[in-house]
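Below is one structure, written out as structure tokens; the observations come after it.
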Amino acid sequence: MTESITGFSLLELFEMGGIFMWPLLLFSVIAVAITLERGIYLLYHNLRLDDLKEKVEAALKTNNLDEVRKYLEGNVKRRMGARVLLSLVKRAGLPEQRLEKAVEAEALSCISSLENGFTFLTALGSISPLTGFLGTVTGMIGAFRSIAEAADVNAQIVAGGIYEALITTVFGLAIAIVAMSAHSIFTHRVDKFASEVEVVCSDLIIGISESGISKPHGVSGGVSKSPDSPEETESLV
């Protein structure tokens with residue numbers, strides 16, 4: 001069995017830590033599971049945007065959005081950026097303000113998917129050390145009780161009780177370090193993606209507006225009638 005730096009095996013340390021080692025074991029399993037799942041998820045979903053932006057800009061110059069739409073549709077499963085830009089391309093004919101709102105809604109949906117589990121990592125980073133401290137406090141109570149009941153108090157009794165009590169604190173802090181480190185790394189990556197999406201979409205919306213594809217703000221999509229048409233004349237009579 002693997003020996004720890006203290007000379008005890010992990011199983012022996014677990015048994016010495018007492019009943020509070022069980023919730024800490026559960027927290028550690030959850031923290032590792034979420035970290036692995038989110039890490040794989042973020043690696044699987046390519047968050048690059050530069051190549052997608054170049055393809056959309058090239059399509060805007062040639063006024064051929066059908067080809068880039070098909071390309072984005074083929075990449076939506078593995079690329080969050082493709083989902084956002086596909087929403088933009090499909091709604092390119094909308095007025096600029098409505099186009100911005102549609103793209104913003106899709107971007108928020110993608111970011112929400114990327115951030116699944118982040119709340120649990122934050123909670124584990126806070127609860128784990130508190131659980132460890134609680135185990136230490138209860139262990140210290142037991143240690144001082146043993147001291148009070150002992151007829152002959154010596155340093156070995158005191159040190160042994162405190163040593164065992166601090167085990168839960170060590171495990172709790174270790175779990176918190178893993179959970180908060182993973183949360184910080186993942187949050188940084190998602191925040192970077194969100195910033196890139198904002199810049200890219202803003203540039204492309206401007207490009208769509210300049211290309212004349214989108215409608216000016218306040219212009220409806222219906223066909224306007226000439227005021228001299230027979231229908232309009234009848235309505236005015």
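A note on labels: chains of the structure tokens are A, B, ... as shown, every chain counts residues from 1, and ligands are counted from 1 in their shown order.
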Spatial neighbours of range 33-47 of chain A, 10 Å, only C-alpha atoms, chain gap at least 4 places, as a PyMOL selection string: chain A and resi 27-29+75-82+113-118+120-121+178-179+181-183+185-186+189-190+192-194+196-197
Dump N, CA and C atoms for the selected residues as a tab-separated table (two decimals), in the first residue's frame?
```tsv
chain	number	residue	atom	x	y	z
A	27	PHE	N	-16.53	14.51	-0.94
A	27	PHE	CA	-16.19	15.79	-1.57
A	27	PHE	C	-15.03	15.62	-2.55
A	28	SER	N	-14.06	14.81	-2.18
A	28	SER	CA	-12.90	14.63	-3.06
A	28	SER	C	-13.29	13.93	-4.36
A	29	VAL	N	-14.16	12.93	-4.25
A	29	VAL	CA	-14.61	12.21	-5.45
A	29	VAL	C	-15.38	13.16	-6.36
A	75	ASN	N	-20.04	22.30	-37.82
A	75	ASN	CA	-19.10	22.40	-36.71
A	75	ASN	C	-19.75	22.77	-35.38
A	76	VAL	N	-21.08	22.83	-35.34
A	76	VAL	CA	-21.75	23.28	-34.11
A	76	VAL	C	-21.59	22.31	-32.95
A	77	LYS	N	-21.38	21.02	-33.25
A	77	LYS	CA	-21.29	20.04	-32.17
A	77	LYS	C	-20.01	20.18	-31.36
A	78	ARG	N	-18.94	20.56	-32.02
A	78	ARG	CA	-17.65	20.62	-31.33
A	78	ARG	C	-17.13	22.03	-31.13
A	79	ARG	N	-17.81	23.04	-31.67
A	79	ARG	CA	-17.31	24.40	-31.56
A	79	ARG	C	-18.42	25.35	-31.11
A	80	MET	N	-18.23	25.90	-29.91
A	80	MET	CA	-19.20	26.85	-29.39
A	80	MET	C	-19.26	28.11	-30.23
A	81	GLY	N	-18.11	28.52	-30.73
A	81	GLY	CA	-18.08	29.72	-31.56
A	81	GLY	C	-18.90	29.55	-32.83
A	82	ALA	N	-18.93	28.33	-33.37
A	82	ALA	CA	-19.73	28.07	-34.57
A	82	ALA	C	-21.21	28.25	-34.28
A	113	SER	N	-23.53	26.75	-20.84
A	113	SER	CA	-23.17	25.34	-21.00
A	113	SER	C	-21.73	25.09	-20.58
A	114	LEU	N	-20.85	26.03	-20.88
A	114	LEU	CA	-19.45	25.88	-20.50
A	114	LEU	C	-19.25	25.99	-19.00
A	115	GLU	N	-20.09	26.73	-18.32
A	115	GLU	CA	-19.93	26.98	-16.89
A	115	GLU	C	-20.67	25.98	-16.01
A	116	ASN	N	-21.27	24.95	-16.59
A	116	ASN	CA	-21.94	23.93	-15.78
A	116	ASN	C	-20.94	23.27	-14.83
A	117	GLY	N	-21.29	23.20	-13.56
A	117	GLY	CA	-20.42	22.58	-12.58
A	117	GLY	C	-19.51	23.54	-11.85
A	118	PHE	N	-19.37	24.76	-12.35
A	118	PHE	CA	-18.48	25.72	-11.70
A	118	PHE	C	-18.97	26.07	-10.29
A	120	PHE	N	-20.52	24.12	-8.24
A	120	PHE	CA	-20.18	23.02	-7.33
A	120	PHE	C	-18.71	23.09	-6.91
A	121	LEU	N	-17.84	23.46	-7.84
A	121	LEU	CA	-16.43	23.59	-7.48
A	121	LEU	C	-16.22	24.69	-6.44
A	178	VAL	N	-7.57	21.78	-4.86
A	178	VAL	CA	-7.87	21.19	-6.17
A	178	VAL	C	-9.10	21.84	-6.79
A	179	ALA	N	-10.16	21.98	-5.99
A	179	ALA	CA	-11.42	22.53	-6.51
A	179	ALA	C	-11.27	23.98	-6.95
A	181	SER	N	-8.47	25.63	-7.68
A	181	SER	CA	-7.52	25.76	-8.80
A	181	SER	C	-8.21	25.44	-10.12
A	182	ALA	N	-8.98	24.34	-10.13
A	182	ALA	CA	-9.72	23.98	-11.34
A	182	ALA	C	-10.72	25.06	-11.71
A	183	HIS	N	-11.41	25.60	-10.71
A	183	HIS	CA	-12.40	26.65	-10.97
A	183	HIS	C	-11.74	27.88	-11.58
A	185	ILE	N	-8.90	28.08	-13.32
A	185	ILE	CA	-8.42	27.80	-14.67
A	185	ILE	C	-9.58	27.78	-15.66
A	186	PHE	N	-10.65	27.08	-15.30
A	186	PHE	CA	-11.80	26.98	-16.20
A	186	PHE	C	-12.48	28.33	-16.39
A	189	ARG	N	-10.61	30.50	-18.81
A	189	ARG	CA	-10.79	30.11	-20.21
A	189	ARG	C	-12.16	30.54	-20.75
A	190	VAL	N	-13.19	30.37	-19.94
A	190	VAL	CA	-14.54	30.75	-20.38
A	190	VAL	C	-14.65	32.27	-20.51
A	192	LYS	N	-12.26	34.31	-21.25
A	192	LYS	CA	-11.53	34.69	-22.46
A	192	LYS	C	-12.38	34.43	-23.70
A	193	PHE	N	-13.09	33.31	-23.71
A	193	PHE	CA	-13.98	32.99	-24.83
A	193	PHE	C	-15.10	34.02	-24.94
A	194	ALA	N	-15.68	34.40	-23.80
A	194	ALA	CA	-16.76	35.38	-23.80
A	194	ALA	C	-16.29	36.73	-24.35
A	196	GLU	N	-13.77	37.22	-26.45
A	196	GLU	CA	-13.52	37.06	-27.88
A	196	GLU	C	-14.83	37.05	-28.67
A	197	VAL	N	-15.84	36.39	-28.13
A	197	VAL	CA	-17.15	36.36	-28.80
A	197	VAL	C	-17.71	37.77	-28.93
```
Return the single residue from A:Asn64, A:Met21, A:Asp51, A:Ala123 that is closest to Ile208 in chain A, with distances computed using only C-alpha atoms. A:Asn64
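Each of A:Leu10, A:Ala102, A:Leu86, A:Ile177 was compared to Arg69 in chain A using only C-alpha atoms, and A:Leu86 turns out to be the nearest.
Take the candidates A:Val200, A:Ala107, A:Ile147, A:Leu124 and check each one against Leu26 in chain A using only C-alpha atoms; the shortest distance goes to A:Leu124.
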Using the chain letters and numbers from this document, which residues of chain A does DSSP assign to helix (DSSP H, G or I), as a ChimeraX atom specification? /A:10-17,21-44,50-62,65-73,80-90,96-114,118-149,155-165,167-211,230-236
Give me, as JSON, numbers by chain, all polymer residues having an atom no more than 10 Å from Ile19 in chain A, counting only C-alpha atoms and skipping those fewer than 5 positions away in the same chain. {"A": [14, 24, 135, 168]}
Next, write the just-selected residues to a file, as an mmCIF file, in the first residue's frame, keeping C-alpha atoms as the atom set.
```
data_model
loop_
_atom_site.group_PDB
_atom_site.id
_atom_site.type_symbol
_atom_site.label_atom_id
_atom_site.label_comp_id
_atom_site.auth_asym_id
_atom_site.auth_seq_id
_atom_site.Cartn_x
_atom_site.Cartn_y
_atom_site.Cartn_z
ATOM 1 C CA PHE A 14 -8.319 7.843 6.831
ATOM 2 C CA LEU A 24 -14.347 14.577 2.858
ATOM 3 C CA GLY A 135 -13.289 17.360 12.285
ATOM 4 C CA THR A 168 -9.104 16.201 8.575
#
```
Check the DSSP output for the backbone and give back, as a PyMOL selection string, the residues of chain A in strand (DSSP E or B). chain A and resi 3+9+46+79
Written file, previous selection with N, CA and C atoms, as a CSV table (one decimal), in the first residue's frame:
```csv
chain,number,residue,atom,x,y,z
A,3,GLU,N,2.7,4.5,0.8
A,3,GLU,CA,3.0,5.1,2.1
A,3,GLU,C,3.0,6.7,1.9
A,9,SER,N,0.0,4.8,5.9
A,9,SER,CA,-0.7,4.6,4.6
A,9,SER,C,-1.9,5.5,4.6
A,46,ASN,N,-13.9,23.0,-29.1
A,46,ASN,CA,-12.9,24.0,-29.5
A,46,ASN,C,-13.4,25.4,-29.4
A,79,ARG,N,-17.8,23.0,-31.7
A,79,ARG,CA,-17.3,24.4,-31.6
A,79,ARG,C,-18.4,25.4,-31.1
```
